[in-house]
>>> print(open('data34.txt').read())   # compact mmCIF, C-alpha atoms
# COMPACT_ATOMS: atom_id res chain seq x y z
CA MET E 1283 113.99 132.01 102.81
CA SER E 1284 111.50 131.60 105.64
CA GLU E 1285 113.69 132.56 108.58
CA GLY E 1286 111.62 132.86 111.73
CA LYS E 1287 108.62 130.97 110.43
CA VAL E 1288 107.35 127.85 112.20
CA ALA E 1289 106.12 124.66 110.50
CA LEU E 1290 104.36 121.67 112.05
CA ILE E 1291 104.60 118.27 110.35
CA THR E 1292 102.39 115.37 111.41
CA ALA E 1293 103.34 111.74 110.71
CA GLY E 1294 106.77 113.15 109.95
CA GLY E 1295 109.02 110.34 111.10
CA SER E 1296 109.72 108.84 107.68
CA GLY E 1297 108.86 109.00 104.00
CA MET E 1298 107.31 112.14 102.53
CA GLY E 1299 106.60 113.71 105.92
CA ALA E 1300 110.24 113.44 106.96
CA ALA E 1301 111.39 114.76 103.57
CA ALA E 1302 109.08 117.76 104.03
CA ALA E 1303 110.52 118.43 107.49
CA ARG E 1304 114.08 118.36 106.12
CA LYS E 1305 113.22 120.64 103.20
CA LEU E 1306 111.40 123.18 105.34
CA ALA E 1307 114.22 123.23 107.89
CA ALA E 1308 116.69 123.82 105.05
CA ASP E 1309 114.48 126.70 103.89
CA GLY E 1310 114.72 128.33 107.30
CA TYR E 1311 111.58 127.16 109.07
CA ARG E 1312 111.68 126.15 112.70
CA ILE E 1313 110.29 122.64 112.83
CA ALA E 1314 107.93 120.73 115.13
CA VAL E 1315 107.28 117.09 114.20
CA LEU E 1316 104.78 114.49 115.40
CA SER E 1317 105.21 110.76 114.77
CA SER E 1318 104.13 107.60 116.51
CA SER E 1319 107.49 105.84 116.15
CA GLY E 1320 109.73 108.36 117.88
CA LYS E 1321 111.59 108.93 114.62
CA GLY E 1322 109.88 112.28 114.15
CA GLU E 1323 110.97 113.54 117.55
CA ALA E 1324 114.55 112.46 116.80
CA LEU E 1325 114.45 114.10 113.36
CA ALA E 1326 113.11 117.34 114.80
CA LYS E 1327 115.97 117.48 117.31
CA GLU E 1328 118.46 116.76 114.52
CA LEU E 1329 117.00 119.73 112.62
CA GLY E 1330 117.14 122.02 115.66
CA GLY E 1331 113.42 121.81 116.31
CA VAL E 1332 111.07 120.06 118.70
CA GLY E 1333 109.05 116.88 118.47
CA VAL E 1334 106.33 114.83 120.08
CA THR E 1335 105.98 111.06 119.98
CA GLY E 1336 102.28 110.43 119.55
CA SER E 1337 99.46 109.79 117.10
CA ASN E 1338 97.71 112.09 114.63
CA GLN E 1339 94.57 110.16 115.59
CA SER E 1340 94.77 111.66 119.10
CA ASN E 1341 93.53 115.18 119.78
CA ASN E 1342 95.61 115.20 122.95
CA ASP E 1343 98.85 114.30 121.17
CA LEU E 1344 98.24 116.89 118.47
CA LYS E 1345 97.50 119.53 121.08
CA ARG E 1346 100.80 118.67 122.76
CA LEU E 1347 102.58 119.37 119.48
CA VAL E 1348 100.76 122.67 118.93
CA ASP E 1349 101.30 123.76 122.54
CA LEU E 1350 104.99 122.87 122.38
CA ALA E 1351 105.49 124.93 119.22
CA MET E 1352 103.61 127.88 120.71
CA GLU E 1353 105.60 127.69 123.97
CA GLN E 1354 108.84 127.52 122.01
CA TRP E 1355 108.21 130.10 119.29
CA GLY E 1356 104.81 131.77 119.84
CA ARG E 1357 103.50 131.24 116.32
CA ILE E 1358 102.60 128.64 113.67
CA ASP E 1359 102.96 129.62 110.02
CA ALA E 1360 102.66 126.28 108.26
CA LEU E 1361 101.11 122.87 108.78
CA VAL E 1362 101.93 119.76 106.75
CA ASN E 1363 99.62 116.80 107.29
CA SER E 1364 101.05 113.42 106.37
CA ALA E 1365 99.45 110.05 107.17
CA GLY E 1366 100.16 106.40 107.69
CA HIS E 1367 98.52 103.47 105.91
CA GLY E 1368 94.92 102.40 106.33
CA PRO E 1369 93.07 99.14 105.64
CA ARG E 1370 93.19 97.53 102.21
CA ALA E 1371 90.90 94.75 100.93
CA PRO E 1372 88.46 94.05 98.08
CA ILE E 1373 85.90 96.82 98.37
CA LEU E 1374 82.94 94.72 99.53
CA GLU E 1375 85.08 92.88 102.07
CA ILE E 1376 85.97 96.02 104.00
CA SER E 1377 84.16 96.00 107.33
CA ASP E 1378 82.43 98.99 108.89
CA GLU E 1379 85.25 99.08 111.41
CA ASP E 1380 87.89 99.30 108.68
CA TRP E 1381 86.00 102.01 106.78
CA HIS E 1382 85.97 104.01 110.00
CA LYS E 1383 89.66 103.32 110.47
CA GLY E 1384 90.33 104.56 106.94
CA MET E 1385 88.55 107.80 107.75
CA GLU E 1386 90.68 108.15 110.90
CA VAL E 1387 93.95 107.51 109.05
CA TYR E 1388 93.34 109.51 105.88
CA PHE E 1389 90.76 112.21 106.72
CA LEU E 1390 90.37 113.00 110.40
CA SER E 1391 94.15 112.88 110.89
CA ALA E 1392 94.23 116.10 108.83
CA VAL E 1393 91.05 117.68 110.18
CA ARG E 1394 92.17 117.49 113.81
CA PRO E 1395 95.39 119.55 113.52
CA ILE E 1396 93.68 121.96 111.11
CA ARG E 1397 91.10 122.72 113.81
CA LEU E 1398 93.92 123.43 116.26
CA VAL E 1399 96.13 125.66 114.12
CA THR E 1400 93.52 127.67 112.23
CA PRO E 1401 92.58 129.97 115.16
CA ILE E 1402 96.30 130.61 115.76
CA MET E 1403 96.88 131.46 112.10
CA GLU E 1404 93.81 133.68 112.06
CA ALA E 1405 95.00 135.59 115.14
CA GLN E 1406 98.46 136.17 113.68
CA GLY E 1407 97.16 137.27 110.27
CA GLY E 1408 97.64 134.20 108.09
CA GLY E 1409 99.24 130.85 107.43
CA ALA E 1410 99.32 127.96 104.99
CA ILE E 1411 98.39 124.28 105.19
CA VAL E 1412 99.32 121.39 102.88
CA ASN E 1413 97.79 117.93 103.15
CA ILE E 1414 99.61 114.98 101.58
CA SER E 1415 96.83 113.12 99.76
CA THR E 1416 97.07 110.64 96.87
CA ALA E 1417 96.98 110.64 93.08
CA TRP E 1418 94.11 108.15 93.37
CA ALA E 1419 91.74 110.55 95.13
CA PHE E 1420 90.14 111.41 91.78
CA GLU E 1421 91.15 108.34 89.77
CA PRO E 1422 90.35 105.70 92.43
CA SER E 1423 92.03 102.33 92.32
CA PRO E 1424 90.79 99.06 93.85
CA MET E 1425 94.27 98.81 95.39
CA PHE E 1426 93.59 101.71 97.77
CA PRO E 1427 89.85 101.89 98.46
CA THR E 1428 89.82 103.45 101.93
CA SER E 1429 92.52 105.94 100.94
CA ALA E 1430 90.75 107.01 97.75
CA VAL E 1431 87.34 107.40 99.40
CA ALA E 1432 88.56 109.27 102.47
CA ARG E 1433 90.86 111.55 100.49
CA ALA E 1434 88.12 112.44 98.03
CA GLY E 1435 86.40 113.72 101.17
CA LEU E 1436 89.56 115.60 102.11
CA ALA E 1437 89.46 117.34 98.73
CA SER E 1438 85.92 118.54 99.44
CA PHE E 1439 86.90 119.63 102.94
CA THR E 1440 89.81 121.62 101.49
CA LYS E 1441 87.58 123.47 99.02
CA ILE E 1442 85.07 124.37 101.74
CA PHE E 1443 87.89 125.51 104.03
CA ALA E 1444 89.29 127.71 101.24
CA ASP E 1445 85.89 129.30 100.68
CA ILE E 1446 85.76 130.34 104.33
CA TYR E 1447 89.37 131.14 105.23
CA ALA E 1448 90.96 132.51 102.06
CA ALA E 1449 89.75 136.00 103.00
CA LYS E 1450 91.56 135.59 106.32
CA ASN E 1451 94.86 134.86 104.52
CA ILE E 1452 94.89 131.18 105.46
CA ARG E 1453 95.50 128.93 102.49
CA MET E 1454 95.07 125.17 102.17
CA ASN E 1455 96.05 122.85 99.32
CA ASN E 1456 96.49 119.13 98.80
CA VAL E 1457 99.46 117.42 97.17
CA LEU E 1458 98.55 114.25 95.29
CA PRO E 1459 101.62 111.98 95.00
CA GLY E 1460 101.72 109.01 92.66
CA TRP E 1461 104.22 106.17 93.03
CA ILE E 1462 106.92 107.56 95.32
CA ASP E 1463 110.23 106.01 96.37
CA SER E 1464 109.06 105.68 99.98
CA LEU E 1465 107.09 102.66 98.68
CA PRO E 1466 108.56 99.39 97.38
CA ALA E 1467 109.18 99.69 93.64
CA THR E 1468 107.83 97.23 91.07
CA GLU E 1469 108.26 97.20 87.30
CA GLU E 1470 104.50 96.80 86.82
CA ARG E 1471 103.77 99.99 88.73
CA ARG E 1472 106.64 101.88 87.10
CA ASP E 1473 105.25 100.98 83.67
CA THR E 1474 101.98 102.78 84.48
CA VAL E 1475 103.85 106.08 84.89
CA PRO E 1476 104.42 108.08 81.69
CA MET E 1477 107.76 109.31 83.10
CA ARG E 1478 108.73 105.63 83.64
CA ARG E 1479 110.08 106.17 87.13
CA TYR E 1480 108.98 106.52 90.72
CA GLY E 1481 108.96 110.02 92.14
CA ALA E 1482 111.34 111.02 94.92
CA SER E 1483 110.13 112.03 98.36
CA GLU E 1484 112.26 115.13 97.91
CA GLU E 1485 110.17 116.11 94.87
CA ILE E 1486 107.03 115.96 96.98
CA ALA E 1487 108.78 117.98 99.68
CA ALA E 1488 109.78 120.64 97.14
CA THR E 1489 106.17 120.94 95.97
CA ILE E 1490 105.00 121.27 99.57
CA ALA E 1491 107.61 123.96 100.25
CA PHE E 1492 106.44 125.92 97.22
CA LEU E 1493 102.78 125.70 98.23
CA LEU E 1494 103.69 127.04 101.68
CA SER E 1495 105.76 129.87 100.24
CA GLU E 1496 104.85 133.44 99.38
CA GLY E 1497 105.28 132.50 95.72
CA ALA E 1498 102.13 130.39 96.03
CA GLY E 1499 100.26 133.17 97.80
CA TYR E 1500 97.39 133.12 95.26
CA ILE E 1501 96.92 129.34 95.34
CA THR E 1502 94.32 127.83 97.67
CA GLY E 1503 91.69 125.09 97.60
CA GLN E 1504 93.65 123.13 94.98
CA ASN E 1505 94.68 119.51 94.47
CA ILE E 1506 98.14 119.44 92.89
CA ARG E 1507 99.07 116.17 91.16
CA VAL E 1508 102.71 115.15 91.49
CA ASP E 1509 102.49 111.75 89.83
CA GLY E 1510 104.72 111.63 86.77
CA GLY E 1511 101.69 111.94 84.50
CA ILE E 1512 99.57 109.05 85.83
CA ALA E 1513 96.40 111.13 85.75
CA ARG E 1514 97.03 111.89 82.03
CA SER E 1515 97.36 108.21 81.23
CA VAL E 1516 94.05 107.10 82.75
>>> encode(input="data34.txt", output="structure tokens")
Amino acid sequence: MSEGKVALITAGGSGMGAAAARKLAADGYRIAVLSSSGKGEALAKELGGVGVTGSNQSNNDLKRLVDLAMEQWGRIDALVNSAGHGPRAPILEISDEDWHKGMEVYFLSAVRPIRLVTPIMEAQGGGAIVNISTAWAFEPSPMFPTSAVARAGLASFTKIFADIYAAKNIRMNNVLPGWIDSLPATEERRDTVPMRRYGASEEIAATIAFLLSEGAGYITGQNIRVDGGIARSV
């Protein structure tokens, strides 16, 4: 149990982010959620926590979330970075503007809250961060070019962060989901998965909860595939 600990979840209004919020609340964390739709704020209240309606592409909105959690509880033990969906197109048809948007959606949306919470975690003696990435960060697919490119960068960022902050008891890892039930299911996609099924958002949430837990206290700088074996089949 994590009674008394505080977790922030960005883009937590639906899908894997919302599942993570529910799982962490069930494990005893006090929850603060950011989402652009308002669903995250409603979910946080349902779970006895606090929420902000805003964007993870806004430093001001993220600071509101961090400040609210600190005013409410005086600490931040965990951060879960989720993300929305960025531009998709054939790779040479993606404009400069859309490449920049992809970096905003998939990379900087994680970097911004990490910058805000790391000094807090350092001052209190530690913390843990999990970024929801993608199984295609290392096995890139033409279906998700901006996601794959930006999240490959997130993997490098995570390793550099671990080099610097592991000694300060702040851990960071990435979860790499494959086809998850928060997406529309197709037989063609299911057939690419050795387990022959989509994963459940709750399975991603359980992995996140483990990586934030004391049981994962010696794990940092890693990219954990939760993809039903897709990476083994490539």
>>> closest_atom_pairs(input="data34.txt", of="segment 1309-1398 of chain E", to="segment 1482-1499 of chain E", cutoff="10 Å", atoms="all atoms listed in the file", output="CSV")
residue,atom,partner,partner_atom,distance
E:Asp1309,CA,E:Ala1491,CA,8.2
E:Asp1359,CA,E:Leu1494,CA,8.8
E:Ala1360,CA,E:Leu1494,CA,6.7
E:Leu1361,CA,E:Leu1494,CA,8.6
E:Val1362,CA,E:Ile1490,CA,8.0
>>> closest_residue(input="data34.txt", among="E:Ser1429, E:Asp1473, E:Ala1419, E:Glu1328", to="Gly1295 of chain E", atoms="only C-alpha atoms")
E:Glu1328
>>> residues_around(input="data34.txt", residues="Ile1291 of chain E", least_positions_apart="2", cutoff="9 Å", atoms="all atoms listed in the file", output="list in words")
Ala1289, Ala1293, Gly1294, Gly1299, Ala1300, Ala1302, Ala1303, Ile1313, Ala1314, Val1315, Leu1316, Ser1317, Gly1322, Ala1360, Leu1361, Val1362, Asn1363 and Ser1364 of chain E
>>> residues_around(input="data34.txt", residues="Ser1319 of chain E", least_positions_apart="6", cutoff="12 Å", atoms="only C-alpha atoms", output="list of chain:residue names")
E:Thr1292, E:Ala1293, E:Gly1294, E:Gly1295, E:Ser1296, E:Leu1325, E:Gly1333, E:Val1334, E:Thr1335, E:Gly1336, E:Ser1337, E:Asn1338, E:Gly1366
>>> closest_residue(input="data34.txt", among="E:Asn1451, E:Ser1340, E:Asn1505, E:Ser1377", to="Leu1436 of chain E", atoms="all atoms listed in the file")
E:Asn1505
>>> closest_residue(input="data34.txt", among="E:Ala1513, E:Ala1351, E:Ile1358, E:Pro1427", to="Leu1374 of chain E", atoms="all atoms listed in the file")
E:Pro1427
>>> residues_around(input="data34.txt", residues="Leu1329 of chain E", least_positions_apart="6", cutoff="10 Å", atoms="only C-alpha atoms", output="ChimeraX atom specification")
/E:1303-1304,1306-1308,1311-1314,1323
>>> closest_residue(input="data34.txt", among="E:Asn1413, E:Ser1438, E:Asn1456, E:Thr1428", to="Gly1368 of chain E", atoms="only C-alpha atoms")
E:Thr1428
>>> atom_distance(input="data34.txt", atom1="atom CA of His1367 of chain E", atom2="atom CA of Ile1396 of chain E")
19.8 Å
>>> closest_residue(input="data34.txt", among="E:Gly1330, E:Pro1422, E:Pro1466, E:Gly1408", to="Met1454 of chain E", atoms="all atoms listed in the file")
E:Gly1408
>>> closest_residue(input="data34.txt", among="E:Glu1386, E:Asp1509, E:Asp1349, E:Asp1343", to="Val1457 of chain E", atoms="all atoms listed in the file")
E:Asp1509
>>> build_atoms(input="data34.txt", residues="segment 1330-1341 of chain E", atoms="all heavy atoms", output="PDB file, in the coordinates of the input")
ATOM      1  N   GLY E1330     117.167 120.860 114.772  1.00  0.00           N
ATOM      2  CA  GLY E1330     117.140 122.020 115.660  1.00  0.00           C
ATOM      3  C   GLY E1330     115.757 122.420 116.105  1.00  0.00           C
ATOM      4  O   GLY E1330     115.557 123.533 116.613  1.00  0.00           O
ATOM      5  N   GLY E1331     114.782 121.506 115.934  1.00  0.00           N
ATOM      6  CA  GLY E1331     113.420 121.810 116.310  1.00  0.00           C
ATOM      7  C   GLY E1331     112.966 121.011 117.508  1.00  0.00           C
ATOM      8  O   GLY E1331     113.774 120.596 118.351  1.00  0.00           O
ATOM      9  N   VAL E1332     111.657 120.795 117.582  1.00  0.00           N
ATOM     10  CA  VAL E1332     111.070 120.060 118.700  1.00  0.00           C
ATOM     11  C   VAL E1332     110.141 118.989 118.140  1.00  0.00           C
ATOM     12  O   VAL E1332     109.649 119.095 117.015  1.00  0.00           O
ATOM     13  CB  VAL E1332     110.291 120.988 119.651  1.00  0.00           C
ATOM     14  CG1 VAL E1332     111.229 121.990 120.301  1.00  0.00           C
ATOM     15  CG2 VAL E1332     109.150 121.705 118.925  1.00  0.00           C
ATOM     16  N   GLY E1333     109.902 117.960 118.931  1.00  0.00           N
ATOM     17  CA  GLY E1333     109.050 116.880 118.470  1.00  0.00           C
ATOM     18  C   GLY E1333     108.240 116.259 119.569  1.00  0.00           C
ATOM     19  O   GLY E1333     108.547 116.411 120.760  1.00  0.00           O
ATOM     20  N   VAL E1334     107.207 115.557 119.167  1.00  0.00           N
ATOM     21  CA  VAL E1334     106.330 114.830 120.080  1.00  0.00           C
ATOM     22  C   VAL E1334     106.156 113.423 119.521  1.00  0.00           C
ATOM     23  O   VAL E1334     105.917 113.243 118.320  1.00  0.00           O
ATOM     24  CB  VAL E1334     104.953 115.511 120.204  1.00  0.00           C
ATOM     25  CG1 VAL E1334     103.941 114.594 120.886  1.00  0.00           C
ATOM     26  CG2 VAL E1334     105.078 116.825 120.960  1.00  0.00           C
ATOM     27  N   THR E1335     106.286 112.426 120.370  1.00  0.00           N
ATOM     28  CA  THR E1335     105.980 111.060 119.980  1.00  0.00           C
ATOM     29  C   THR E1335     104.526 110.787 120.349  1.00  0.00           C
ATOM     30  O   THR E1335     104.150 110.806 121.523  1.00  0.00           O
ATOM     31  CB  THR E1335     106.913 110.061 120.683  1.00  0.00           C
ATOM     32  OG1 THR E1335     108.257 110.308 120.248  1.00  0.00           O
ATOM     33  CG2 THR E1335     106.539 108.629 120.335  1.00  0.00           C
ATOM     34  N   GLY E1336     103.707 110.615 119.336  1.00  0.00           N
ATOM     35  CA  GLY E1336     102.280 110.430 119.550  1.00  0.00           C
ATOM     36  C   GLY E1336     101.581 110.211 118.223  1.00  0.00           C
ATOM     37  O   GLY E1336     102.219 110.101 117.177  1.00  0.00           O
ATOM     38  N   SER E1337     100.256 110.175 118.262  1.00  0.00           N
ATOM     39  CA  SER E1337      99.460 109.790 117.100  1.00  0.00           C
ATOM     40  C   SER E1337      98.668 110.980 116.559  1.00  0.00           C
ATOM     41  O   SER E1337      98.099 111.764 117.338  1.00  0.00           O
ATOM     42  CB  SER E1337      98.487 108.677 117.495  1.00  0.00           C
ATOM     43  OG  SER E1337      97.569 108.428 116.453  1.00  0.00           O
ATOM     44  N   ASN E1338      98.578 111.068 115.224  1.00  0.00           N
ATOM     45  CA  ASN E1338      97.710 112.090 114.630  1.00  0.00           C
ATOM     46  C   ASN E1338      96.244 111.693 114.690  1.00  0.00           C
ATOM     47  O   ASN E1338      95.381 112.403 114.184  1.00  0.00           O
ATOM     48  CB  ASN E1338      98.136 112.422 113.196  1.00  0.00           C
ATOM     49  CG  ASN E1338      98.111 111.232 112.267  1.00  0.00           C
ATOM     50  OD1 ASN E1338      97.683 110.133 112.637  1.00  0.00           O
ATOM     51  ND2 ASN E1338      98.576 111.426 111.049  1.00  0.00           N
ATOM     52  N   GLN E1339      95.951 110.556 115.316  1.00  0.00           N
ATOM     53  CA  GLN E1339      94.570 110.160 115.590  1.00  0.00           C
ATOM     54  C   GLN E1339      94.158 110.526 117.014  1.00  0.00           C
ATOM     55  O   GLN E1339      93.064 110.172 117.453  1.00  0.00           O
ATOM     56  CB  GLN E1339      94.403 108.670 115.342  1.00  0.00           C
ATOM     57  CG  GLN E1339      94.626 108.290 113.886  1.00  0.00           C
ATOM     58  CD  GLN E1339      94.548 106.802 113.641  1.00  0.00           C
ATOM     59  OE1 GLN E1339      93.676 106.123 114.177  1.00  0.00           O
ATOM     60  NE2 GLN E1339      95.471 106.279 112.843  1.00  0.00           N
ATOM     61  N   SER E1340      95.039 111.245 117.718  1.00  0.00           N
ATOM     62  CA  SER E1340      94.770 111.660 119.100  1.00  0.00           C
ATOM     63  C   SER E1340      94.746 113.176 119.192  1.00  0.00           C
ATOM     64  O   SER E1340      95.755 113.838 118.925  1.00  0.00           O
ATOM     65  CB  SER E1340      95.856 111.107 120.035  1.00  0.00           C
ATOM     66  OG  SER E1340      95.836 111.769 121.284  1.00  0.00           O
ATOM     67  N   ASN E1341      93.602 113.735 119.565  1.00  0.00           N
ATOM     68  CA  ASN E1341      93.530 115.180 119.780  1.00  0.00           C
ATOM     69  C   ASN E1341      94.517 115.639 120.843  1.00  0.00           C
ATOM     70  O   ASN E1341      95.120 116.703 120.722  1.00  0.00           O
ATOM     71  CB  ASN E1341      92.107 115.579 120.182  1.00  0.00           C
ATOM     72  CG  ASN E1341      91.157 115.615 118.998  1.00  0.00           C
ATOM     73  OD1 ASN E1341      91.421 116.280 117.999  1.00  0.00           O
ATOM     74  ND2 ASN E1341      90.052 114.897 119.105  1.00  0.00           N
TER      75      ASN E1341
END
